[in-house]
Number of protein chains: 2
Amino acid sequence: MNTSFTAKLQQIQQKNNSLLCVGLDPNFEKLPEIFQKDLENGVVDFCCKIVDATADLVCAYKPQIAYFSAIGAETALEKIIAYIHQKYNGKIPVILDAKRGDIGSTAEQYAKEAFERYQADAVTVNPYMGTDSLESWFKYTNKGVFLLCRTSNVGGSDLQFLDIKNDNGEQQKIYQKVAELAASKWNPNEQTGLVVGATFPQELKIVRKIVGDEMPLLVPGIGAQGGDILQTVQSGQNSKNLGLILNSSRAILFADNTTNNFDKVARSVAEKTLQEIRLAQK
Amino acid sequence: MNTSFTAKLQQIQQKNNSLLCVGLDPNFEKLPEIFQKDLENGVVDFCCKIVDATADLVCAYKPQIAYFSAIGAETALEKIIAYIHQKYNGKIPVILDAKRGDIGSTAEQYAKEAFERYQADAVTVNPYMGTDSLESWFKYTNKGVFLLCRTSNVGGSDLQFLDIKNDNGEQQKIYQKVAELAASKWNPNEQTGLVVGATFPQELKIVRKIVGDEMPLLVPGIGAQGGDILQTVQSGQNSKNLGLILNSSRAILFADNTTNNFDKVARSVAEKTLQEIRLAQK
C-alpha cells in the first residue's frame with residue numbers, strides 16, 4: 001500500500017498513536033440545543049467543534065453522508081471536510097461513508113461526488129454489483145476504497161453469511177469471497193480496504209487471514225453498537241498491531257448533548273476509547 | 001399490491017398503455033449546448049422538457065441521483081420531481097434511483113432523503129446489508145422499494161451469480177435468494193419490487209417465476225445497454241402481460257443533443273421504444 005490515502009493514514013496513525021476514527025453522524029434532532037437554531041451552520045459548527053476536540057486522538061474522520069442529505073445539508077458536509085483539510089494541513093484523512101454502488105457510467109458520477117466535490121480521501125462502496133461497478137473508484141488511484149464485507153448489523157448475515165464453494169471446492173461464505181476478491185482482482189492499485197463490523201470479531205479474524213497484513217480494515221460497531229474493543233483489536237490487527245480503523249460515532253458525538261460542554265465530554269469519551277484501543281494493541 | 005405507489009403505477013400503465021420508464025440521467029456534459037450555460041437551471045429545464053415531451057408515453061420517470069449529486073445539483077432534482085408531481089397531478093410515479101443501503105439508524109436518514117426531501121414515490125435499494133437495513137424503507141408503506149436483484153452490468157455476475165443451496169438443499173444463485181426473500185420476508189406491506197437487468201432475459205424469467213404475478217420488476221438495460229425488448233417483455237411480464245417497468249435513459253435523453261429539436265427527437269425514440277414494447281406484450 002503506497003497510495004496517498006494509505007500513506008496519510010499510516011502517518012497519522014503513527015503521529016497520534018491512534019486507530020480511532022470518529023464518525024460524524026450529526027443527527028440534527030440530537031444536537032445540543034444551541035446548534036438546532038440554524039440547520040446548516042448548526043451542523044457545521046457542531047461537527048467542527050467535535051473535530052477540534054478530538055483531532056489529536058484520531059486517525060480519521062468518517063462523515064456519514066445520509067445525515068447531511070436527509071436534511072439538504074450538502075453544503076455543510078463540503079464545509080466540514082474542507083475545514084478538516086485546512087485546519088489540520090491535510091494530515092487527517094476523511095472517509096466519506098456513502099456505501100455507493102452502481103454501473104460504470106453512474107459509478108463515475110458517484111466517484112466524482114465523493115472525491116472531487118467533497119474532496120474525501122476515501123469512500124465506502126457496496127460490492128454487490130461487482131467488478132465493473134468498482135472500476136470508476138479505482139481510477140482515483142490516490143484515494144482509498146473500502147468495500148462492504150461483513151457489516152456490523154444483524155441482518156448482514158442474510159446474504160453475507162450464505163455458504164458458497166470456492167474455486168477449490170471448499171465451503172466459504174459470501175463475505176469471505178468478497179475478502180478474497182478485495183485481496184486480488186478488486187485491488188489493482190493497493191488502495192482497497194474492507195468494512196468489517198466490530199460486532200463480529202470471529203469474522204474479523206478470518207478476514208485478516210484472507211487479506212494478509214497490508215489491507216486496512218474499517219471497523220464500525222465499537223461504541224453505541226456494542227462491539228468489544230479488546231476482541232476487535234486482537235482479531236483484526238496485523239502483525240504490526242496496526243491495520244485497523246476503529247469507528248465510533250454516536251457514543252462520542254452525543255456523549256453529552258445537554259450542556260455546552262458537549263465537546264469536552266466527547267473528548268473524554270474519545271480518550272477513554274483510545275486508551276482501551278492502545279491497551280488492546282498487544 | 002395495494003399501496004399508493006402500486007396503485008399509481010397500475011393506473012398510469014393502463015392510462016398510457018405503457019411499461020416505459022424514462023431514466024433522467026442529465027449528464028451535464030452531454031446536454032444540448034443551450035442548457036450548459038447555467039448548471040442548475042440547465043439541468044432543470046432540460047429534464048422538464050424531456051418530461052413534457054414524453055409524459056403521455058411513460059409509466060414512470062427514474063432520476064438517477066448520482067448525476068445530480070456529482071455536480072451539487074440537489075436543488076435541481078427537487079425541482080424536477082416537484083414539477084412532475086405538479087404538472088401531471090401526481091399521476092406519474094417517480095422512482096429515485098439511489099441504490100442506498102445501510103444500517104437501521106442511517107437507512108432511516110436515507111429514507112427521509114428519498115421520500116420526504118425528494119418526494120419520490122419509490123426508490124432503488126441495495127440488499128447486501130440484509131433485513132434490518134430494509135426496515136426503515138418499509139415503514140413508508142405507501143412507497144415502492146425496488147431491491148437490486150440481478151443487475152444489468154457484466155460484473156453483476158461476480159456475487160449475484162454465486163451458487164448457494166436453498167432451504168431444500170437445491171442449488172440456487174444469490175440473485176434467486178434475493179428474489180425469494182423479496183417475495184416473502186422482505187415484502188411486509190406488498191410494496192417491494194426487484195431490479196433485474198434487461199441484459200439477462202433468462203434470469204428475468206426465473207425471477208418472475210419466483211416472485212409470482214404481482215411484483216413489479218424494474219428493468220434497466222433496454223436502449224443504450226442493448227437489452228432486447230421482445231425477449232425482455234416475454235421473459236418478465238406477468239400473466240396479464242404487465243408487471244414490468246422498462247427503463248431507457250441515455251438512448252432517449254441524448255437521442256439528439258446537437259439541435260434545439262432534442263425533445264422532439266427524444267419523443268420519437270420514446271414512441272418507437274414504446275411501440276416495440278406494446279408489440280412484445282403478447
# chains A, B, ... in the order shown; residues from 1 in each chain; ligands from 1
>>> residues_around(residues="B:Leu217", least_positions_apart="2", cutoff="10 Å", atoms="only C-alpha atoms", output="number ranges by chain")
B: 146-147, 149, 192-197, 204, 207-208, 211, 214-215, 219-220, 236-238, 242-246
>>> residues_around(residues="stretch 247-263 of chain A", least_positions_apart="3", cutoff="9 Å", atoms="only C-alpha atoms", output="mmCIF file with N, CA, C and O atoms, in the first residue's frame")
data_model
loop_
_atom_site.group_PDB
_atom_site.id
_atom_site.type_symbol
_atom_site.label_atom_id
_atom_site.label_comp_id
_atom_site.auth_asym_id
_atom_site.auth_seq_id
_atom_site.Cartn_x
_atom_site.Cartn_y
_atom_site.Cartn_z
ATOM 1 N N LEU A 19 -5.742 4.341 16.422
ATOM 2 C CA LEU A 19 -6.532 3.640 15.404
ATOM 3 C C LEU A 19 -7.994 4.095 15.453
ATOM 4 O O LEU A 19 -8.854 3.492 14.827
ATOM 5 N N LEU A 20 -8.238 5.162 16.210
ATOM 6 C CA LEU A 20 -9.623 5.607 16.406
ATOM 7 C C LEU A 20 -10.092 6.539 15.286
ATOM 8 O O LEU A 20 -9.395 7.485 14.914
ATOM 9 N N CYS A 21 -11.267 6.244 14.785
ATOM 10 C CA CYS A 21 -11.926 7.107 13.806
ATOM 11 C C CYS A 21 -13.204 7.619 14.448
ATOM 12 O O CYS A 21 -13.948 6.845 15.067
ATOM 13 N N VAL A 22 -13.448 8.903 14.341
ATOM 14 C CA VAL A 22 -14.700 9.436 14.877
ATOM 15 C C VAL A 22 -15.688 9.623 13.719
ATOM 16 O O VAL A 22 -15.390 10.304 12.736
ATOM 17 N N GLY A 23 -16.814 8.967 13.845
ATOM 18 C CA GLY A 23 -17.862 9.058 12.821
ATOM 19 C C GLY A 23 -18.670 10.324 13.010
ATOM 20 O O GLY A 23 -19.144 10.593 14.109
ATOM 21 N N LEU A 24 -18.801 11.110 11.959
ATOM 22 C CA LEU A 24 -19.572 12.354 12.038
ATOM 23 C C LEU A 24 -20.972 12.111 11.484
ATOM 24 O O LEU A 24 -21.216 12.193 10.279
ATOM 25 N N ASP A 25 -21.881 11.762 12.383
ATOM 26 C CA ASP A 25 -23.281 11.479 12.031
ATOM 27 C C ASP A 25 -24.147 12.507 12.747
ATOM 28 O O ASP A 25 -24.789 12.201 13.749
ATOM 29 N N PRO A 26 -24.182 13.735 12.270
ATOM 30 C CA PRO A 26 -24.844 14.803 13.027
ATOM 31 C C PRO A 26 -26.368 14.761 12.923
ATOM 32 O O PRO A 26 -26.975 15.625 12.295
ATOM 33 N N LYS A 30 -30.574 15.361 17.581
ATOM 34 C CA LYS A 30 -29.800 15.021 18.780
ATOM 35 C C LYS A 30 -28.745 16.062 19.119
ATOM 36 O O LYS A 30 -28.033 15.953 20.113
ATOM 37 N N LEU A 31 -28.589 17.062 18.267
ATOM 38 C CA LEU A 31 -27.559 18.079 18.522
ATOM 39 C C LEU A 31 -27.918 18.870 19.785
ATOM 40 O O LEU A 31 -29.100 19.078 20.076
ATOM 41 N N PRO A 32 -26.900 19.330 20.523
ATOM 42 C CA PRO A 32 -27.179 20.241 21.626
ATOM 43 C C PRO A 32 -28.029 21.400 21.110
ATOM 44 O O PRO A 32 -27.858 21.849 19.961
ATOM 45 N N GLU A 33 -28.913 21.872 21.972
ATOM 46 C CA GLU A 33 -29.930 22.825 21.540
ATOM 47 C C GLU A 33 -29.366 24.052 20.827
ATOM 48 O O GLU A 33 -29.952 24.542 19.855
ATOM 49 N N ILE A 34 -28.207 24.518 21.295
ATOM 50 C CA ILE A 34 -27.655 25.734 20.683
ATOM 51 C C ILE A 34 -27.355 25.566 19.180
ATOM 52 O O ILE A 34 -27.274 26.554 18.456
ATOM 53 N N PHE A 46 -21.197 22.309 15.043
ATOM 54 C CA PHE A 46 -21.143 21.145 15.926
ATOM 55 C C PHE A 46 -20.017 20.195 15.490
ATOM 56 O O PHE A 46 -19.158 19.814 16.296
ATOM 57 N N CYS A 47 -20.002 19.842 14.219
ATOM 58 C CA CYS A 47 -19.001 18.874 13.744
ATOM 59 C C CYS A 47 -17.586 19.446 13.878
ATOM 60 O O CYS A 47 -16.660 18.735 14.275
ATOM 61 N N LYS A 49 -16.483 21.587 16.010
ATOM 62 C CA LYS A 49 -16.099 21.600 17.420
ATOM 63 C C LYS A 49 -15.722 20.192 17.889
ATOM 64 O O LYS A 49 -14.774 20.021 18.671
ATOM 65 N N ILE A 50 -16.451 19.197 17.410
ATOM 66 C CA ILE A 50 -16.094 17.797 17.724
ATOM 67 C C ILE A 50 -14.700 17.491 17.150
ATOM 68 O O ILE A 50 -13.858 16.874 17.803
ATOM 69 N N VAL A 51 -14.479 17.948 15.927
ATOM 70 C CA VAL A 51 -13.176 17.723 15.285
ATOM 71 C C VAL A 51 -12.061 18.383 16.114
ATOM 72 O O VAL A 51 -11.049 17.744 16.447
ATOM 73 N N ASP A 52 -12.246 19.638 16.447
ATOM 74 C CA ASP A 52 -11.205 20.339 17.217
ATOM 75 C C ASP A 52 -10.968 19.689 18.580
ATOM 76 O O ASP A 52 -9.855 19.713 19.101
ATOM 77 N N ALA A 53 -12.011 19.097 19.145
ATOM 78 C CA ALA A 53 -11.867 18.481 20.469
ATOM 79 C C ALA A 53 -11.176 17.122 20.419
ATOM 80 O O ALA A 53 -10.740 16.603 21.451
ATOM 81 N N THR A 54 -11.074 16.541 19.209
ATOM 82 C CA THR A 54 -10.574 15.161 19.119
ATOM 83 C C THR A 54 -9.426 14.974 18.127
ATOM 84 O O THR A 54 -8.921 13.857 17.978
ATOM 85 N N ALA A 60 -8.667 9.246 11.674
ATOM 86 C CA ALA A 60 -9.543 9.601 10.548
ATOM 87 C C ALA A 60 -10.867 10.132 11.081
ATOM 88 O O ALA A 60 -11.211 9.897 12.246
ATOM 89 N N TYR A 61 -11.591 10.840 10.218
ATOM 90 C CA TYR A 61 -12.998 11.160 10.474
ATOM 91 C C TYR A 61 -13.826 10.488 9.397
ATOM 92 O O TYR A 61 -13.392 10.366 8.246
ATOM 93 N N LYS A 62 -15.005 10.054 9.801
ATOM 94 C CA LYS A 62 -15.876 9.381 8.838
ATOM 95 C C LYS A 62 -17.275 10.007 8.861
ATOM 96 O O LYS A 62 -18.137 9.601 9.623
ATOM 97 N N LEU A 218 -11.708 -1.148 7.985
ATOM 98 C CA LEU A 218 -12.521 -0.119 8.633
ATOM 99 C C LEU A 218 -13.592 -0.834 9.446
ATOM 100 O O LEU A 218 -14.384 -1.601 8.901
ATOM 101 N N VAL A 219 -13.563 -0.595 10.750
ATOM 102 C CA VAL A 219 -14.389 -1.400 11.653
ATOM 103 C C VAL A 219 -15.400 -0.528 12.397
ATOM 104 O O VAL A 219 -15.067 0.111 13.399
ATOM 105 N N PRO A 220 -16.635 -0.497 11.909
ATOM 106 C CA PRO A 220 -17.676 0.189 12.672
ATOM 107 C C PRO A 220 -18.190 -0.760 13.751
ATOM 108 O O PRO A 220 -17.938 -1.964 13.696
ATOM 109 N N GLY A 221 -18.873 -0.204 14.735
ATOM 110 C CA GLY A 221 -19.547 -1.077 15.691
ATOM 111 C C GLY A 221 -18.994 -1.016 17.100
ATOM 112 O O GLY A 221 -19.599 -1.573 18.007
ATOM 113 N N ILE A 222 -17.839 -0.344 17.318
ATOM 114 C CA ILE A 222 -17.461 -0.120 18.706
ATOM 115 C C ILE A 222 -18.286 1.077 19.187
ATOM 116 O O ILE A 222 -18.800 1.858 18.391
ATOM 117 N N GLY A 223 -18.445 1.196 20.486
ATOM 118 C CA GLY A 223 -19.277 2.302 20.990
ATOM 119 C C GLY A 223 -20.734 1.889 21.043
ATOM 120 O O GLY A 223 -21.060 0.834 21.578
ATOM 121 N N ALA A 224 -21.610 2.719 20.436
ATOM 122 C CA ALA A 224 -23.060 2.521 20.575
ATOM 123 C C ALA A 224 -23.530 1.147 20.114
ATOM 124 O O ALA A 224 -24.493 0.596 20.645
ATOM 125 N N GLN A 225 -22.852 0.571 19.119
ATOM 126 C CA GLN A 225 -23.302 -0.727 18.624
ATOM 127 C C GLN A 225 -22.789 -1.901 19.463
ATOM 128 O O GLN A 225 -23.119 -3.061 19.192
ATOM 129 N N ALA A 266 -17.246 14.743 24.820
ATOM 130 C CA ALA A 266 -16.923 13.929 23.649
ATOM 131 C C ALA A 266 -15.436 13.567 23.663
ATOM 132 O O ALA A 266 -15.051 12.421 23.434
ATOM 133 N N ARG A 267 -14.594 14.572 23.972
ATOM 134 C CA ARG A 267 -13.160 14.317 24.020
ATOM 135 C C ARG A 267 -12.827 13.260 25.081
ATOM 136 O O ARG A 267 -12.019 12.362 24.842
ATOM 137 N N SER A 268 -13.471 13.364 26.236
ATOM 138 C CA SER A 268 -13.103 12.425 27.294
ATOM 139 C C SER A 268 -13.536 11.000 26.932
ATOM 140 O O SER A 268 -12.831 10.036 27.226
ATOM 141 N N VAL A 269 -14.674 10.866 26.250
ATOM 142 C CA VAL A 269 -15.068 9.520 25.789
ATOM 143 C C VAL A 269 -14.085 9.024 24.715
ATOM 144 O O VAL A 269 -13.677 7.862 24.719
ATOM 145 N N ALA A 270 -13.705 9.917 23.812
ATOM 146 C CA ALA A 270 -12.741 9.530 22.776
ATOM 147 C C ALA A 270 -11.416 9.103 23.406
ATOM 148 O O ALA A 270 -10.799 8.107 23.000
ATOM 149 N N THR A 273 -11.821 5.693 24.974
ATOM 150 C CA THR A 273 -11.889 4.688 23.916
ATOM 151 C C THR A 273 -10.492 4.413 23.358
ATOM 152 O O THR A 273 -10.089 3.258 23.170
#
>>> residues_around(residues="stretch 4-14 of chain A", least_positions_apart="6", cutoff="9 Å", atoms="only C-alpha atoms", output="list in words")
Leu20, Val58, Cys59, Ala60, Gly90, Lys91, Ile92, Pro93, Asp121, Ala122, Thr141, Asn142, Lys143, Gly144, Glu190, Gln191, Pro216, Leu242 and Gly243 of chain A
>>> write_last_selection(atoms="N, CA, C and O atoms", output="mmCIF file, in the first residue's frame")
data_model
loop_
_atom_site.group_PDB
_atom_site.id
_atom_site.type_symbol
_atom_site.label_atom_id
_atom_site.label_comp_id
_atom_site.auth_asym_id
_atom_site.auth_seq_id
_atom_site.Cartn_x
_atom_site.Cartn_y
_atom_site.Cartn_z
ATOM 1 N N LEU A 20 -8.238 5.162 16.210
ATOM 2 C CA LEU A 20 -9.623 5.607 16.406
ATOM 3 C C LEU A 20 -10.092 6.539 15.286
ATOM 4 O O LEU A 20 -9.395 7.485 14.914
ATOM 5 N N VAL A 58 -7.305 10.981 16.908
ATOM 6 C CA VAL A 58 -7.906 10.150 15.854
ATOM 7 C C VAL A 58 -6.924 9.852 14.716
ATOM 8 O O VAL A 58 -5.887 10.517 14.577
ATOM 9 N N CYS A 59 -7.284 8.852 13.905
ATOM 10 C CA CYS A 59 -6.543 8.578 12.668
ATOM 11 C C CYS A 59 -7.390 8.927 11.451
ATOM 12 O O CYS A 59 -6.893 8.863 10.320
ATOM 13 N N ALA A 60 -8.667 9.246 11.674
ATOM 14 C CA ALA A 60 -9.543 9.601 10.548
ATOM 15 C C ALA A 60 -10.867 10.132 11.081
ATOM 16 O O ALA A 60 -11.211 9.897 12.246
ATOM 17 N N GLY A 90 -4.280 18.874 5.852
ATOM 18 C CA GLY A 90 -4.459 17.677 5.025
ATOM 19 C C GLY A 90 -3.874 16.418 5.641
ATOM 20 O O GLY A 90 -3.659 15.427 4.932
ATOM 21 N N LYS A 91 -3.594 16.435 6.919
ATOM 22 C CA LYS A 91 -2.934 15.285 7.564
ATOM 23 C C LYS A 91 -3.916 14.245 8.100
ATOM 24 O O LYS A 91 -3.525 13.131 8.434
ATOM 25 N N ILE A 92 -5.184 14.640 8.287
ATOM 26 C CA ILE A 92 -6.158 13.684 8.832
ATOM 27 C C ILE A 92 -7.104 13.249 7.722
ATOM 28 O O ILE A 92 -7.872 14.055 7.192
ATOM 29 N N PRO A 93 -7.046 11.975 7.339
ATOM 30 C CA PRO A 93 -7.904 11.539 6.234
ATOM 31 C C PRO A 93 -9.384 11.547 6.593
ATOM 32 O O PRO A 93 -9.768 11.271 7.733
ATOM 33 N N ASP A 121 -10.911 11.575 1.188
ATOM 34 C CA ASP A 121 -9.689 10.796 0.938
ATOM 35 C C ASP A 121 -10.010 9.341 0.643
ATOM 36 O O ASP A 121 -9.203 8.614 0.064
ATOM 37 N N ALA A 122 -11.160 8.911 1.113
ATOM 38 C CA ALA A 122 -11.571 7.525 0.901
ATOM 39 C C ALA A 122 -13.086 7.478 0.979
ATOM 40 O O ALA A 122 -13.733 8.437 1.422
ATOM 41 N N THR A 141 -6.481 6.706 -8.143
ATOM 42 C CA THR A 141 -5.519 5.772 -7.533
ATOM 43 C C THR A 141 -4.974 6.245 -6.188
ATOM 44 O O THR A 141 -4.465 5.436 -5.423
ATOM 45 N N ASN A 142 -5.053 7.528 -5.908
ATOM 46 C CA ASN A 142 -4.528 8.017 -4.620
ATOM 47 C C ASN A 142 -5.600 8.070 -3.525
ATOM 48 O O ASN A 142 -5.347 8.604 -2.448
ATOM 49 N N LYS A 143 -6.763 7.509 -3.821
ATOM 50 C CA LYS A 143 -7.857 7.514 -2.849
ATOM 51 C C LYS A 143 -8.069 6.102 -2.286
ATOM 52 O O LYS A 143 -7.707 5.119 -2.939
ATOM 53 N N GLY A 144 -8.669 6.020 -1.131
ATOM 54 C CA GLY A 144 -8.979 4.725 -0.546
ATOM 55 C C GLY A 144 -10.404 4.283 -0.895
ATOM 56 O O GLY A 144 -11.297 5.119 -1.016
ATOM 57 N N GLU A 190 -3.551 -1.177 -4.936
ATOM 58 C CA GLU A 190 -3.279 -1.194 -3.490
ATOM 59 C C GLU A 190 -3.934 -0.024 -2.764
ATOM 60 O O GLU A 190 -3.326 0.663 -1.949
ATOM 61 N N GLN A 191 -5.203 0.161 -3.047
ATOM 62 C CA GLN A 191 -5.948 1.247 -2.429
ATOM 63 C C GLN A 191 -7.204 0.716 -1.735
ATOM 64 O O GLN A 191 -7.972 1.490 -1.175
ATOM 65 N N PRO A 216 -6.010 -2.152 5.089
ATOM 66 C CA PRO A 216 -6.700 -1.548 6.226
ATOM 67 C C PRO A 216 -8.152 -2.037 6.329
ATOM 68 O O PRO A 216 -8.845 -2.136 5.316
ATOM 69 N N LEU A 242 -1.309 -3.062 13.862
ATOM 70 C CA LEU A 242 -1.953 -1.936 13.170
ATOM 71 C C LEU A 242 -2.959 -2.484 12.142
ATOM 72 O O LEU A 242 -3.424 -3.598 12.313
ATOM 73 N N GLY A 243 -3.242 -1.685 11.116
ATOM 74 C CA GLY A 243 -4.117 -2.161 10.025
ATOM 75 C C GLY A 243 -5.599 -2.010 10.294
ATOM 76 O O GLY A 243 -6.428 -2.503 9.534
#
>>> select_by_dssp(residues="stretch 46-248 of chain B", states="helix (DSSP H, G or I)", output="MDAnalysis selection string")
chainID B and resid 46:54 66:69 74:87 104:117 127:129 131:138 154:160 174:182 201:211 229:236
>>> interface_residues(of="chain A", to="chain B", cutoff="9 Å", atoms="only C-alpha atoms", output="PyMOL selection string")
chain A and resi 25+27+64-72+74-75+98-104+106-114+116-117+126-133+148+150-160+162-165+174+177-178
>>> decode(residues="stretch 218-229 of chain B", atoms="N, CA, C and O atoms", output="compact mmCIF listing (two decimals), in the first residue's frame")
# COMPACT_ATOMS: atom_id res chain seq x y z
N LEU B 218 -38.45 -3.75 -12.09
CA LEU B 218 -37.86 -2.57 -12.74
C LEU B 218 -36.67 -3.06 -13.55
O LEU B 218 -35.74 -3.64 -13.00
N VAL B 219 -36.76 -2.83 -14.86
CA VAL B 219 -35.79 -3.45 -15.76
C VAL B 219 -34.98 -2.39 -16.50
O VAL B 219 -35.43 -1.84 -17.49
N PRO B 220 -33.77 -2.11 -16.02
CA PRO B 220 -32.89 -1.23 -16.79
C PRO B 220 -32.19 -2.05 -17.86
O PRO B 220 -32.20 -3.29 -17.79
N GLY B 221 -31.63 -1.38 -18.83
CA GLY B 221 -30.80 -2.09 -19.80
C GLY B 221 -31.35 -2.13 -21.20
O GLY B 221 -30.64 -2.55 -22.12
N ILE B 222 -32.62 -1.70 -21.41
CA ILE B 222 -33.04 -1.56 -22.81
C ILE B 222 -32.46 -0.22 -23.28
O ILE B 222 -32.12 0.63 -22.48
N GLY B 223 -32.32 -0.06 -24.59
CA GLY B 223 -31.72 1.20 -25.07
C GLY B 223 -30.21 1.08 -25.12
O GLY B 223 -29.67 0.11 -25.65
N ALA B 224 -29.53 2.05 -24.53
CA ALA B 224 -28.07 2.14 -24.67
C ALA B 224 -27.33 0.88 -24.21
O ALA B 224 -26.28 0.54 -24.74
N GLN B 225 -27.87 0.18 -23.22
CA GLN B 225 -27.19 -1.01 -22.73
C GLN B 225 -27.46 -2.26 -23.59
O GLN B 225 -26.90 -3.32 -23.33
N GLY B 226 -28.38 -2.13 -24.54
CA GLY B 226 -28.51 -3.18 -25.55
C GLY B 226 -29.46 -4.33 -25.25
O GLY B 226 -29.50 -5.31 -26.00
N GLY B 227 -30.25 -4.24 -24.18
CA GLY B 227 -31.20 -5.31 -23.88
C GLY B 227 -32.29 -5.41 -24.95
O GLY B 227 -32.78 -4.40 -25.43
N ASP B 228 -32.63 -6.65 -25.32
CA ASP B 228 -33.62 -6.87 -26.37
C ASP B 228 -35.04 -6.76 -25.81
O ASP B 228 -35.40 -7.43 -24.85
N ILE B 229 -35.86 -5.91 -26.42
CA ILE B 229 -37.18 -5.62 -25.86
C ILE B 229 -38.12 -6.83 -25.94
O ILE B 229 -38.79 -7.16 -24.96
